[in-house]
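**Q** Enclosed is the structure file model-v9.tsv (TSV, C-alpha atoms).
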```tsv
chain	number	residue	atom	x	y	z
A	618	MET	CA	96.55	74.21	115.73
A	619	LYS	CA	97.40	77.79	114.85
A	620	HIS	CA	100.22	78.36	112.39
A	621	THR	CA	102.07	81.57	111.71
A	622	LEU	CA	103.42	81.84	108.18
A	623	SER	CA	105.62	84.63	106.90
A	624	VAL	CA	105.50	84.87	103.11
A	625	LEU	CA	107.77	87.15	101.09
A	626	VAL	CA	106.16	88.08	97.77
A	627	GLU	CA	106.74	90.41	94.83
A	628	ASN	CA	104.97	93.71	95.56
A	629	ARG	CA	102.62	93.78	92.56
A	630	PHE	CA	98.90	93.58	91.96
A	631	GLY	CA	97.19	90.22	91.99
A	632	VAL	CA	99.62	88.48	94.34
A	633	LEU	CA	97.43	88.89	97.40
A	634	ALA	CA	94.41	87.58	95.50
A	635	ARG	CA	96.34	84.47	94.39
A	636	VAL	CA	97.65	83.72	97.88
A	637	ALA	CA	94.25	84.33	99.50
A	638	GLY	CA	92.59	82.24	96.77
A	639	LEU	CA	94.83	79.30	97.52
A	640	PHE	CA	93.74	79.24	101.17
A	641	ALA	CA	90.08	79.76	100.24
A	642	ARG	CA	90.00	76.89	97.74
A	643	ARG	CA	91.14	74.54	100.49
A	644	GLY	CA	88.52	75.87	102.88
A	645	TYR	CA	90.95	77.62	105.20
A	646	ASN	CA	89.97	80.83	106.91
A	647	ILE	CA	92.91	83.20	107.36
A	648	GLU	CA	92.41	84.47	110.93
A	649	THR	CA	94.71	87.44	110.75
A	650	LEU	CA	96.83	88.87	107.98
A	651	ALA	CA	99.28	91.74	107.88
A	652	VAL	CA	100.73	92.83	104.55
A	653	ALA	CA	103.21	95.66	103.99
A	654	PRO	CA	106.34	96.38	101.94
A	655	THR	CA	109.68	95.30	103.43
A	656	GLU	CA	112.93	97.26	103.54
A	657	ASP	CA	113.05	96.53	99.78
A	658	ALA	CA	109.93	98.28	98.40
A	659	THR	CA	109.62	95.77	95.53
A	660	ILE	CA	109.02	92.98	98.05
A	661	SER	CA	106.14	92.70	100.52
A	662	ARG	CA	105.80	90.48	103.53
A	663	MET	CA	102.54	88.76	104.41
A	664	THR	CA	102.22	87.47	107.97
A	665	ILE	CA	99.42	84.92	107.99
A	666	VAL	CA	97.81	83.24	111.01
A	667	VAL	CA	95.73	80.21	110.09
A	668	ALA	CA	94.37	77.23	112.01
A	669	GLY	CA	94.95	73.77	110.54
A	670	ASP	CA	96.80	70.54	111.10
A	671	ASP	CA	100.45	70.16	110.17
A	672	ALA	CA	99.86	67.98	107.09
A	673	ASP	CA	97.37	70.46	105.61
A	674	LEU	CA	99.67	73.37	106.21
A	675	GLU	CA	102.53	71.51	104.55
A	676	GLN	CA	100.34	71.05	101.47
A	677	ILE	CA	99.43	74.72	101.42
A	678	THR	CA	103.05	75.73	101.83
A	679	LYS	CA	104.03	73.53	98.89
A	680	GLN	CA	101.37	75.11	96.69
A	681	LEU	CA	102.33	78.62	97.79
A	682	ASN	CA	105.91	77.85	96.80
A	683	LYS	CA	104.72	77.11	93.27
A	684	LEU	CA	103.26	80.61	92.83
A	685	VAL	CA	105.66	82.62	90.69
A	686	ASP	CA	105.37	85.74	92.87
A	687	VAL	CA	106.19	83.92	96.10
A	688	ILE	CA	109.86	84.37	97.02
A	689	LYS	CA	110.11	82.64	100.39
A	690	ILE	CA	107.91	81.08	103.06
A	691	ASN	CA	108.76	80.54	106.71
A	692	ASP	CA	106.59	78.68	109.18
A	693	TYR	CA	107.25	80.35	112.53
A	694	THR	CA	104.90	78.12	114.49
A	695	ASP	CA	107.60	76.48	116.62
A	696	VAL	CA	110.41	78.99	116.24
A	697	ALA	CA	111.67	81.46	118.90
A	698	VAL	CA	110.39	84.78	117.63
A	699	VAL	CA	109.45	88.23	118.77
A	700	GLU	CA	105.67	88.33	118.32
A	701	ARG	CA	103.66	91.55	118.38
A	702	GLU	CA	100.27	92.94	117.45
A	703	LEU	CA	98.94	96.49	117.62
A	704	ALA	CA	95.39	97.40	118.62
A	705	LEU	CA	93.41	100.62	118.86
A	706	ILE	CA	90.51	100.33	121.31
A	707	LYS	CA	87.75	102.92	121.65
A	708	ILE	CA	85.85	102.73	124.92
A	709	THR	CA	83.07	104.72	126.52
A	710	ALA	CA	84.75	106.64	129.35
A	711	GLU	CA	82.32	108.57	131.50
A	712	PRO	CA	84.10	110.95	133.91
A	713	GLY	CA	83.48	108.69	136.95
A	714	VAL	CA	85.42	105.70	135.54
A	715	ARG	CA	88.27	107.42	133.71
A	716	GLY	CA	90.67	106.83	136.60
A	717	GLU	CA	89.93	103.12	136.63
A	718	ILE	CA	90.42	102.84	132.89
A	719	MET	CA	93.73	104.72	133.10
A	720	GLN	CA	94.91	102.27	135.77
A	721	ILE	CA	94.10	99.28	133.59
A	722	ALA	CA	95.84	100.99	130.67
A	723	ASP	CA	98.95	101.57	132.82
A	724	VAL	CA	99.17	97.89	133.78
A	725	PHE	CA	99.10	96.92	130.10
A	726	ARG	CA	101.40	99.79	129.08
A	727	ALA	CA	98.65	101.04	126.81
A	728	SER	CA	98.58	104.74	126.01
A	729	VAL	CA	95.59	107.05	125.62
A	730	VAL	CA	95.92	108.46	122.10
A	731	ASP	CA	92.59	110.30	121.87
A	732	VAL	CA	90.31	111.74	124.53
A	733	GLY	CA	86.73	112.65	123.68
A	734	GLU	CA	84.04	114.02	125.97
A	735	ARG	CA	82.78	110.52	126.65
A	736	SER	CA	85.39	108.25	125.12
A	737	PHE	CA	89.05	107.22	125.09
A	738	VAL	CA	91.09	105.64	122.34
A	739	LEU	CA	93.82	103.37	123.72
A	740	GLU	CA	96.84	102.15	121.78
A	741	VAL	CA	98.43	98.92	122.90
A	742	THR	CA	101.05	96.55	121.51
A	743	GLY	CA	101.99	93.10	122.72
A	744	LYS	CA	101.41	89.43	122.19
A	745	VAL	CA	98.00	88.46	120.89
A	746	ASP	CA	97.05	87.04	124.34
A	747	LYS	CA	97.86	90.31	126.06
A	748	ILE	CA	95.59	92.27	123.74
A	749	ASP	CA	92.83	89.69	124.21
A	750	ALA	CA	93.18	90.07	128.00
A	751	LEU	CA	93.06	93.88	127.89
A	752	THR	CA	89.99	93.80	125.66
A	753	ARG	CA	88.23	91.46	128.09
A	754	LEU	CA	89.06	93.72	131.06
A	755	LEU	CA	87.74	96.80	129.26
A	756	GLU	CA	84.50	95.15	128.13
A	757	PRO	CA	82.44	96.14	131.20
A	758	TYR	CA	83.11	99.85	130.47
A	759	GLY	CA	81.64	99.58	126.99
A	760	ILE	CA	83.89	98.92	124.01
A	761	ARG	CA	82.83	100.91	120.97
A	762	GLU	CA	85.36	99.64	118.47
A	763	VAL	CA	88.48	97.52	118.33
A	764	VAL	CA	90.86	97.63	115.37
A	765	ARG	CA	93.73	95.15	115.36
A	766	THR	CA	96.59	94.69	112.93
A	767	GLY	CA	97.00	90.95	113.19
A	768	LYS	CA	100.25	89.43	114.43
A	769	ILE	CA	103.72	90.10	113.03
A	770	VAL	CA	106.84	88.14	113.96
A	771	LEU	CA	110.60	88.48	113.70
A	772	THR	CA	113.25	85.90	114.56
A	773	ARG	CA	115.54	86.62	117.50
A	774	GLY	CA	119.26	87.39	117.09
A	775	LEU	CA	120.94	86.99	113.71
A	776	GLN	CA	119.62	83.52	112.87
A	777	PRO	CA	118.47	83.54	109.25
A	778	ALA	CA	114.85	84.65	108.81
B	923	MET	CA	96.31	109.57	95.79
B	924	LYS	CA	96.37	107.09	98.65
B	925	HIS	CA	93.05	105.94	100.06
B	926	THR	CA	92.45	104.21	103.36
B	927	LEU	CA	89.42	101.92	103.36
B	928	SER	CA	88.03	100.14	106.38
B	929	VAL	CA	85.90	97.16	105.38
B	930	LEU	CA	83.84	95.14	107.86
B	931	VAL	CA	83.29	91.59	106.59
B	932	GLU	CA	81.89	88.28	107.80
B	933	ASN	CA	84.73	86.29	109.35
B	934	ARG	CA	84.58	83.22	107.10
B	935	PHE	CA	86.80	81.58	104.51
B	936	GLY	CA	86.85	82.97	101.00
B	937	VAL	CA	85.96	86.56	101.90
B	938	LEU	CA	89.52	87.80	101.76
B	939	ALA	CA	90.06	86.12	98.38
B	940	ARG	CA	86.93	87.79	96.94
B	941	VAL	CA	87.88	91.24	98.21
B	942	ALA	CA	91.49	90.90	97.06
B	943	GLY	CA	90.28	89.53	93.71
B	944	LEU	CA	88.11	92.58	93.13
B	945	PHE	CA	91.11	94.92	93.49
B	946	ALA	CA	93.31	92.65	91.36
B	947	ARG	CA	90.85	92.45	88.46
B	948	ARG	CA	90.89	96.24	88.26
B	949	GLY	CA	94.68	96.31	88.33
B	950	TYR	CA	94.98	97.85	91.78
B	951	ASN	CA	97.83	96.89	94.04
B	952	ILE	CA	96.87	96.89	97.71
B	953	GLU	CA	99.84	98.60	99.37
B	954	THR	CA	99.14	97.54	102.91
B	955	LEU	CA	96.44	95.41	104.44
B	956	ALA	CA	95.63	94.52	108.04
B	957	VAL	CA	92.94	91.94	108.75
B	958	ALA	CA	91.81	90.74	112.17
B	959	PRO	CA	88.59	89.91	114.01
B	960	THR	CA	86.76	92.79	115.70
B	961	GLU	CA	85.18	92.85	119.19
B	962	ASP	CA	82.56	90.56	117.59
B	963	ALA	CA	84.54	87.44	116.57
B	964	THR	CA	82.14	86.68	113.70
B	965	ILE	CA	83.13	89.95	112.01
B	966	SER	CA	86.59	90.92	110.76
B	967	ARG	CA	87.89	94.32	109.81
B	968	MET	CA	90.16	94.83	106.80
B	969	THR	CA	92.10	98.09	106.70
B	970	ILE	CA	93.23	98.61	103.11
B	971	VAL	CA	95.63	101.24	101.78
B	972	VAL	CA	95.51	101.60	98.01
B	973	ALA	CA	96.60	104.27	95.54
B	974	GLY	CA	94.06	105.41	92.94
B	975	ASP	CA	91.96	108.36	91.85
B	976	ASP	CA	88.67	109.15	93.56
B	977	ALA	CA	86.45	107.96	90.70
B	978	ASP	CA	88.16	104.56	90.54
B	979	LEU	CA	87.92	104.09	94.27
B	980	GLU	CA	84.22	104.95	94.18
B	981	GLN	CA	83.72	102.20	91.60
B	982	ILE	CA	85.63	99.71	93.71
B	983	THR	CA	83.66	100.66	96.80
B	984	LYS	CA	80.39	100.13	94.92
B	985	GLN	CA	81.49	96.68	93.81
B	986	LEU	CA	82.72	95.77	97.29
B	987	ASN	CA	79.30	96.74	98.64
B	988	LYS	CA	77.73	94.16	96.33
B	989	LEU	CA	79.72	91.29	97.87
B	990	VAL	CA	77.40	89.40	100.18
B	991	ASP	CA	80.04	89.07	102.93
B	992	VAL	CA	80.80	92.79	103.06
B	993	ILE	CA	78.91	94.48	105.90
B	994	LYS	CA	80.17	98.05	105.76
B	995	ILE	CA	82.83	100.15	104.04
B	996	ASN	CA	84.28	103.44	105.23
B	997	ASP	CA	86.69	105.59	103.25
B	998	TYR	CA	88.84	107.32	105.87
B	999	THR	CA	90.92	109.23	103.36
B	1000	ASP	CA	89.73	112.70	104.42
B	1001	VAL	CA	88.37	111.92	107.89
B	1002	ALA	CA	89.96	112.90	111.23
B	1003	VAL	CA	91.26	109.60	112.53
B	1004	VAL	CA	93.82	108.12	114.84
B	1005	GLU	CA	96.28	106.41	112.47
B	1006	ARG	CA	98.86	103.89	113.63
B	1007	GLU	CA	101.19	101.22	112.31
B	1008	LEU	CA	103.47	98.80	114.15
B	1009	ALA	CA	106.92	97.79	112.95
B	1010	LEU	CA	109.59	95.39	114.17
B	1011	ILE	CA	113.06	96.34	112.92
B	1012	LYS	CA	116.13	94.13	113.24
B	1013	ILE	CA	119.41	95.99	112.90
B	1014	THR	CA	123.03	95.05	113.14
B	1015	ALA	CA	124.23	96.59	116.40
B	1016	GLU	CA	127.95	96.21	116.98
B	1017	PRO	CA	128.99	97.21	120.52
B	1018	GLY	CA	130.50	100.54	119.37
B	1019	VAL	CA	127.24	101.91	117.94
B	1020	ARG	CA	124.69	100.56	120.40
B	1021	GLY	CA	124.52	103.87	122.29
B	1022	GLU	CA	123.79	105.79	119.10
B	1023	ILE	CA	121.06	103.37	118.10
B	1024	MET	CA	119.48	103.59	121.56
B	1025	GLN	CA	119.44	107.39	121.26
B	1026	ILE	CA	117.63	107.25	117.93
B	1027	ALA	CA	115.21	104.70	119.39
B	1028	ASP	CA	114.51	107.03	122.33
B	1029	VAL	CA	113.66	109.95	120.06
B	1030	PHE	CA	111.13	107.79	118.23
B	1031	ARG	CA	109.89	106.16	121.45
B	1032	ALA	CA	110.88	102.82	120.01
B	1033	SER	CA	111.73	100.04	122.46
B	1034	VAL	CA	114.41	97.40	122.22
B	1035	VAL	CA	112.51	94.09	122.44
B	1036	ASP	CA	115.37	91.71	121.68
B	1037	VAL	CA	119.11	92.03	122.12
B	1038	GLY	CA	121.46	89.63	120.38
B	1039	GLU	CA	125.24	89.57	120.41
B	1040	ARG	CA	125.37	91.66	117.29
B	1041	SER	CA	121.77	92.77	116.74
B	1042	PHE	CA	118.81	94.63	118.19
B	1043	VAL	CA	115.12	94.24	117.47
B	1044	LEU	CA	113.25	97.52	117.87
B	1045	GLU	CA	109.47	97.83	118.24
B	1046	VAL	CA	107.91	101.10	117.16
B	1047	THR	CA	104.37	102.37	116.63
B	1048	GLY	CA	103.23	105.61	115.03
B	1049	LYS	CA	102.04	107.13	111.83
B	1050	VAL	CA	103.34	105.56	108.63
B	1051	ASP	CA	105.63	108.59	108.02
B	1052	LYS	CA	107.25	108.24	111.43
B	1053	ILE	CA	108.11	104.59	110.81
B	1054	ASP	CA	109.46	105.48	107.36
B	1055	ALA	CA	111.66	108.17	108.96
B	1056	LEU	CA	113.01	105.84	111.66
B	1057	THR	CA	113.79	103.19	109.06
B	1058	ARG	CA	115.75	105.71	106.98
B	1059	LEU	CA	117.74	106.87	110.03
B	1060	LEU	CA	118.65	103.30	110.95
B	1061	GLU	CA	119.67	102.30	107.44
B	1062	PRO	CA	123.36	103.25	107.82
B	1063	TYR	CA	123.73	100.80	110.74
B	1064	GLY	CA	122.56	97.89	108.62
B	1065	ILE	CA	118.92	96.88	108.64
B	1066	ARG	CA	118.50	93.10	108.56
B	1067	GLU	CA	114.74	92.88	108.43
B	1068	VAL	CA	111.69	95.11	108.74
B	1069	VAL	CA	108.24	93.67	109.40
B	1070	ARG	CA	105.33	96.11	109.34
B	1071	THR	CA	101.65	95.57	110.03
B	1072	GLY	CA	100.21	98.10	107.60
B	1073	LYS	CA	98.14	101.03	108.83
B	1074	ILE	CA	95.06	100.80	111.03
B	1075	VAL	CA	92.72	103.72	111.76
B	1076	LEU	CA	89.99	104.63	114.23
B	1077	THR	CA	87.72	107.69	114.20
B	1078	ARG	CA	88.12	110.23	117.00
B	1079	GLY	CA	85.49	110.77	119.72
B	1080	LEU	CA	82.11	109.07	119.47
B	1081	GLN	CA	81.35	109.96	115.87
B	1082	PRO	CA	79.94	106.89	114.11
B	1083	ALA	CA	82.63	104.66	112.61
```
As structure tokens, how would this structure be written, given the file I've shared?
**A**
Amino acid sequence: MKHTLSVLVENRFGVLARVAGLFARRGYNIETLAVAPTEDATISRMTIVVAGDDADLEQITKQLNKLVDVIKINDYTDVAVVERELALIKITAEPGVRGEIMQIADVFRASVVDVGERSFVLEVTGKVDKIDALTRLLEPYGIREVVRTGKIVLTRGLQPA
Amino acid sequence: MKHTLSVLVENRFGVLARVAGLFARRGYNIETLAVAPTEDATISRMTIVVAGDDADLEQITKQLNKLVDVIKINDYTDVAVVERELALIKITAEPGVRGEIMQIADVFRASVVDVGERSFVLEVTGKVDKIDALTRLLEPYGIREVVRTGKIVLTRGLQPA
């Protein structure tokens, strides 16, 4: 089962290595990870997506809590959240198929952010599934590169984070 | 000076810990980091933003190249790229100021993705500076939480990645 953890940490060197090391020692592969400072620049938020059973994740969460630089951990796996990911997708776009690609982009509310002689770069945001679906649809045209941010989440309303 | 590194790695456990450990041992704080699988699910891309002088970064790049799981490293610091970040911003939005907040959101092409009784969640993508600017403008209304993905980049046209 996939878990989404949001971990608030002190924004200083070495913290990422300690958190990543803890997952690695237990044999867990972090699938996606997004790390950036929060509204308080001394604190960063790590959004971690990792597959594992509930008992394992509980163990990991306990150990994370023991790290001195970890301030707070939330498991958003079963919580009502706004979930988003950003992707940039570069595809081969020969003149004859540009219209088709633009139509697919429109359906997914993706925007063309760079046009080359034989390529487009699309920007799209949405749930992870949506980006997976768009990528699959674009595959036949020839995907050159996909860069994704990994998922971020935010609770709805003013319920505590 | 801020550097943007794009590192292609084997998608397996422990890789992230080794890469993060290399920066930590040299005393470098990774400012933002986005990790996700690429179009080939066995390969992940890490987009790393780190401050440091050119000589230091060259050293780090050399050492990263020695890690067996690292496939390729690009330094996009001085390269023409499409640069984007995604942020979710939760702000207090009392009825009297909702119009104002919507106007600011419009200017930044941010969308309201959740509306609570007394709060909004905005979704915005753009360059890092743009998101910084929007965050500053929204501060007076009362920011509850900001979650950012960190920057991702893609080269323009069909130049090799």
**Q** Determine the nearest neighbour of Lys744 of chain A from the options A:Glu656, A:Glu702, A:Glu711, A:Asp723, counting only C-alpha atoms.
**A** A:Glu702
**Q** Mind pulling up the distance from atom CA of Asn628 of chain A to atom CA of Thr659 of chain A?
**A**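 Interatomic distance, atom CA of Thr659 of chain A to atom CA of Asn628 of chain A: 5.1 Å.
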**Q** Taking all atoms listed in the file into account, name the residue in A:Gln680, A:Gln720, A:Ser661, A:Thr621 that is nearest to chain B.
**A**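 Among the listed residues, the smallest separation from chain B belongs to A:Ser661.
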**Q** Find the residues near Ala727 of chain A: any atom within 6 Å, counting only C-alpha atoms, skip ones fewer than 3 places away on the same chain, and give them as number ranges by chain.
**A** A: 722, 740-741
**Q** With chain A held fixed, move chain B onto it by a least-squares fit of all C-alpha atoms in order and give the output as an mmCIF file with C-alpha atoms, keeping the file's coordinate frame.
**A**
```
data_model
loop_
_atom_site.group_PDB
_atom_site.id
_atom_site.type_symbol
_atom_site.label_atom_id
_atom_site.label_comp_id
_atom_site.auth_asym_id
_atom_site.auth_seq_id
_atom_site.Cartn_x
_atom_site.Cartn_y
_atom_site.Cartn_z
ATOM 1 C CA MET B 923 96.546 74.225 115.802
ATOM 2 C CA LYS B 924 97.388 77.791 114.850
ATOM 3 C CA HIS B 925 100.211 78.342 112.388
ATOM 4 C CA THR B 926 102.053 81.566 111.714
ATOM 5 C CA LEU B 927 103.412 81.843 108.178
ATOM 6 C CA SER B 928 105.626 84.616 106.903
ATOM 7 C CA VAL B 929 105.494 84.871 103.116
ATOM 8 C CA LEU B 930 107.773 87.153 101.097
ATOM 9 C CA VAL B 931 106.154 88.090 97.778
ATOM 10 C CA GLU B 932 106.738 90.417 94.841
ATOM 11 C CA ASN B 933 104.973 93.702 95.565
ATOM 12 C CA ARG B 934 102.638 93.778 92.556
ATOM 13 C CA PHE B 935 98.907 93.598 91.948
ATOM 14 C CA GLY B 936 97.210 90.226 91.975
ATOM 15 C CA VAL B 937 99.641 88.492 94.336
ATOM 16 C CA LEU B 938 97.454 88.907 97.382
ATOM 17 C CA ALA B 939 94.421 87.584 95.487
ATOM 18 C CA ARG B 940 96.348 84.465 94.383
ATOM 19 C CA VAL B 941 97.648 83.725 97.873
ATOM 20 C CA ALA B 942 94.259 84.333 99.492
ATOM 21 C CA GLY B 943 92.597 82.243 96.765
ATOM 22 C CA LEU B 944 94.846 79.289 97.514
ATOM 23 C CA PHE B 945 93.746 79.238 101.174
ATOM 24 C CA ALA B 946 90.091 79.755 100.225
ATOM 25 C CA ARG B 947 89.999 76.882 97.727
ATOM 26 C CA ARG B 948 91.166 74.547 100.481
ATOM 27 C CA GLY B 949 88.537 75.876 102.868
ATOM 28 C CA TYR B 950 90.967 77.623 105.194
ATOM 29 C CA ASN B 951 89.987 80.835 106.889
ATOM 30 C CA ILE B 952 92.912 83.201 107.376
ATOM 31 C CA GLU B 953 92.408 84.462 110.933
ATOM 32 C CA THR B 954 94.701 87.439 110.761
ATOM 33 C CA LEU B 955 96.815 88.863 107.992
ATOM 34 C CA ALA B 956 99.281 91.747 107.895
ATOM 35 C CA VAL B 957 100.731 92.833 104.561
ATOM 36 C CA ALA B 958 103.207 95.653 103.988
ATOM 37 C CA PRO B 959 106.333 96.369 101.949
ATOM 38 C CA THR B 960 109.669 95.302 103.444
ATOM 39 C CA GLU B 961 112.946 97.285 103.544
ATOM 40 C CA ASP B 962 113.035 96.527 99.790
ATOM 41 C CA ALA B 963 109.919 98.279 98.406
ATOM 42 C CA THR B 964 109.609 95.774 95.541
ATOM 43 C CA ILE B 965 109.009 92.975 98.058
ATOM 44 C CA SER B 966 106.121 92.695 100.520
ATOM 45 C CA ARG B 967 105.798 90.473 103.538
ATOM 46 C CA MET B 968 102.522 88.752 104.419
ATOM 47 C CA THR B 969 102.214 87.458 107.974
ATOM 48 C CA ILE B 970 99.398 84.908 107.997
ATOM 49 C CA VAL B 971 97.793 83.236 111.009
ATOM 50 C CA VAL B 972 95.700 80.212 110.098
ATOM 51 C CA ALA B 973 94.344 77.222 112.006
ATOM 52 C CA GLY B 974 94.958 73.763 110.533
ATOM 53 C CA ASP B 975 96.812 70.516 111.103
ATOM 54 C CA ASP B 976 100.471 70.171 110.174
ATOM 55 C CA ALA B 977 99.889 67.986 107.106
ATOM 56 C CA ASP B 978 97.393 70.439 105.602
ATOM 57 C CA LEU B 979 99.679 73.373 106.201
ATOM 58 C CA GLU B 980 102.555 71.520 104.547
ATOM 59 C CA GLN B 981 100.378 71.046 101.464
ATOM 60 C CA ILE B 982 99.443 74.710 101.415
ATOM 61 C CA THR B 983 103.062 75.745 101.815
ATOM 62 C CA LYS B 984 104.055 73.533 98.878
ATOM 63 C CA GLN B 985 101.396 75.104 96.686
ATOM 64 C CA LEU B 986 102.330 78.621 97.786
ATOM 65 C CA ASN B 987 105.925 77.860 96.805
ATOM 66 C CA LYS B 988 104.733 77.114 93.272
ATOM 67 C CA LEU B 989 103.261 80.607 92.826
ATOM 68 C CA VAL B 990 105.666 82.598 90.694
ATOM 69 C CA ASP B 991 105.353 85.731 92.868
ATOM 70 C CA VAL B 992 106.185 83.930 96.107
ATOM 71 C CA ILE B 993 109.852 84.379 97.027
ATOM 72 C CA LYS B 994 110.112 82.640 100.382
ATOM 73 C CA ILE B 995 107.899 81.079 103.049
ATOM 74 C CA ASN B 996 108.738 80.547 106.704
ATOM 75 C CA ASP B 997 106.562 78.680 109.179
ATOM 76 C CA TYR B 998 107.235 80.350 112.531
ATOM 77 C CA THR B 999 104.886 78.117 114.473
ATOM 78 C CA ASP B 1000 107.586 76.466 116.610
ATOM 79 C CA VAL B 1001 110.402 78.999 116.220
ATOM 80 C CA ALA B 1002 111.653 81.440 118.888
ATOM 81 C CA VAL B 1003 110.375 84.766 117.635
ATOM 82 C CA VAL B 1004 109.451 88.216 118.785
ATOM 83 C CA GLU B 1005 105.659 88.322 118.336
ATOM 84 C CA ARG B 1006 103.657 91.538 118.397
ATOM 85 C CA GLU B 1007 100.265 92.929 117.470
ATOM 86 C CA LEU B 1008 98.926 96.482 117.620
ATOM 87 C CA ALA B 1009 95.388 97.386 118.633
ATOM 88 C CA LEU B 1010 93.400 100.608 118.855
ATOM 89 C CA ILE B 1011 90.498 100.343 121.308
ATOM 90 C CA LYS B 1012 87.742 102.931 121.650
ATOM 91 C CA ILE B 1013 85.848 102.741 124.923
ATOM 92 C CA THR B 1014 83.093 104.723 126.513
ATOM 93 C CA ALA B 1015 84.767 106.644 129.332
ATOM 94 C CA GLU B 1016 82.343 108.585 131.494
ATOM 95 C CA PRO B 1017 84.114 110.970 133.900
ATOM 96 C CA GLY B 1018 83.495 108.714 136.937
ATOM 97 C CA VAL B 1019 85.416 105.732 135.535
ATOM 98 C CA ARG B 1020 88.263 107.439 133.704
ATOM 99 C CA GLY B 1021 90.690 106.847 136.588
ATOM 100 C CA GLU B 1022 89.927 103.130 136.622
ATOM 101 C CA ILE B 1023 90.417 102.851 132.881
ATOM 102 C CA MET B 1024 93.731 104.719 133.090
ATOM 103 C CA GLN B 1025 94.897 102.276 135.774
ATOM 104 C CA ILE B 1026 94.101 99.278 133.592
ATOM 105 C CA ALA B 1027 95.828 100.992 130.664
ATOM 106 C CA ASP B 1028 98.932 101.558 132.811
ATOM 107 C CA VAL B 1029 99.165 97.895 133.776
ATOM 108 C CA PHE B 1030 99.096 96.924 130.106
ATOM 109 C CA ARG B 1031 101.378 99.809 129.091
ATOM 110 C CA ALA B 1032 98.633 101.035 126.817
ATOM 111 C CA SER B 1033 98.559 104.749 126.007
ATOM 112 C CA VAL B 1034 95.588 107.039 125.632
ATOM 113 C CA VAL B 1035 95.924 108.463 122.100
ATOM 114 C CA ASP B 1036 92.598 110.282 121.873
ATOM 115 C CA VAL B 1037 90.318 111.721 124.522
ATOM 116 C CA GLY B 1038 86.749 112.653 123.683
ATOM 117 C CA GLU B 1039 84.058 114.025 125.956
ATOM 118 C CA ARG B 1040 82.786 110.560 126.661
ATOM 119 C CA SER B 1041 85.396 108.258 125.118
ATOM 120 C CA PHE B 1042 89.034 107.214 125.103
ATOM 121 C CA VAL B 1043 91.083 105.628 122.351
ATOM 122 C CA LEU B 1044 93.798 103.365 123.739
ATOM 123 C CA GLU B 1045 96.820 102.142 121.767
ATOM 124 C CA VAL B 1046 98.406 98.904 122.904
ATOM 125 C CA THR B 1047 101.042 96.545 121.521
ATOM 126 C CA GLY B 1048 102.002 93.088 122.741
ATOM 127 C CA LYS B 1049 101.421 89.437 122.197
ATOM 128 C CA VAL B 1050 97.996 88.447 120.900
ATOM 129 C CA ASP B 1051 97.048 87.034 124.350
ATOM 130 C CA LYS B 1052 97.857 90.310 126.079
ATOM 131 C CA ILE B 1053 95.598 92.274 123.737
ATOM 132 C CA ASP B 1054 92.839 89.688 124.208
ATOM 133 C CA ALA B 1055 93.187 90.068 127.999
ATOM 134 C CA LEU B 1056 93.067 93.878 127.899
ATOM 135 C CA THR B 1057 90.002 93.776 125.665
ATOM 136 C CA ARG B 1058 88.213 91.463 128.108
ATOM 137 C CA LEU B 1059 89.065 93.725 131.069
ATOM 138 C CA LEU B 1060 87.738 96.794 129.267
ATOM 139 C CA GLU B 1061 84.521 95.147 128.128
ATOM 140 C CA PRO B 1062 82.459 96.158 131.192
ATOM 141 C CA TYR B 1063 83.128 99.859 130.469
ATOM 142 C CA GLY B 1064 81.653 99.584 126.993
ATOM 143 C CA ILE B 1065 83.903 98.919 124.033
ATOM 144 C CA ARG B 1066 82.839 100.911 120.971
ATOM 145 C CA GLU B 1067 85.357 99.635 118.475
ATOM 146 C CA VAL B 1068 88.491 97.506 118.343
ATOM 147 C CA VAL B 1069 90.848 97.628 115.370
ATOM 148 C CA ARG B 1070 93.729 95.154 115.370
ATOM 149 C CA THR B 1071 96.580 94.695 112.927
ATOM 150 C CA GLY B 1072 97.000 90.936 113.198
ATOM 151 C CA LYS B 1073 100.242 89.418 114.449
ATOM 152 C CA ILE B 1074 103.697 90.099 113.042
ATOM 153 C CA VAL B 1075 106.822 88.125 113.975
ATOM 154 C CA LEU B 1076 110.589 88.463 113.699
ATOM 155 C CA THR B 1077 113.249 85.873 114.555
ATOM 156 C CA ARG B 1078 115.558 86.596 117.487
ATOM 157 C CA GLY B 1079 119.279 87.368 117.073
ATOM 158 C CA LEU B 1080 120.939 86.997 113.685
ATOM 159 C CA GLN B 1081 119.589 83.567 112.823
ATOM 160 C CA PRO B 1082 118.450 83.565 109.188
ATOM 161 C CA ALA B 1083 114.845 84.694 108.752
#
```
**Q** At a cut-off of 8 Å, which residues of chain A touch chain B? Count only C-alpha atoms and give the answer as an NGL selection string.
**A** :A and (628-631 or 633-638 or 640-642 or 644-656 or 662 or 699 or 702-703 or 705 or 707 or 730-738 or 760 or 762-771 or 773-775)
**Q** So how far away is atom CA of Thr983 of chain B from atom CA of Leu930 of chain B, in Å?
**A**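 Interatomic distance here is 12.4 Å.
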**Q** Any idea what the distance is between atom CA of Asp695 of chain A and atom CA of Lys683 of chain A?
**A**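 So the two atoms, atom CA of Asp695 of chain A and atom CA of Lys683 of chain A, lie 23.5 Å apart.
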**Q** Pick the closest to Asn996 of chain B from B:Ile1023, B:Tyr1063, B:Lys1052, B:Val931: which is it, counting only C-alpha atoms?
**A**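 Going through B:Ile1023, B:Tyr1063, B:Lys1052, B:Val931 one by one, the smallest distance to Asn996 of chain B is for B:Val931.
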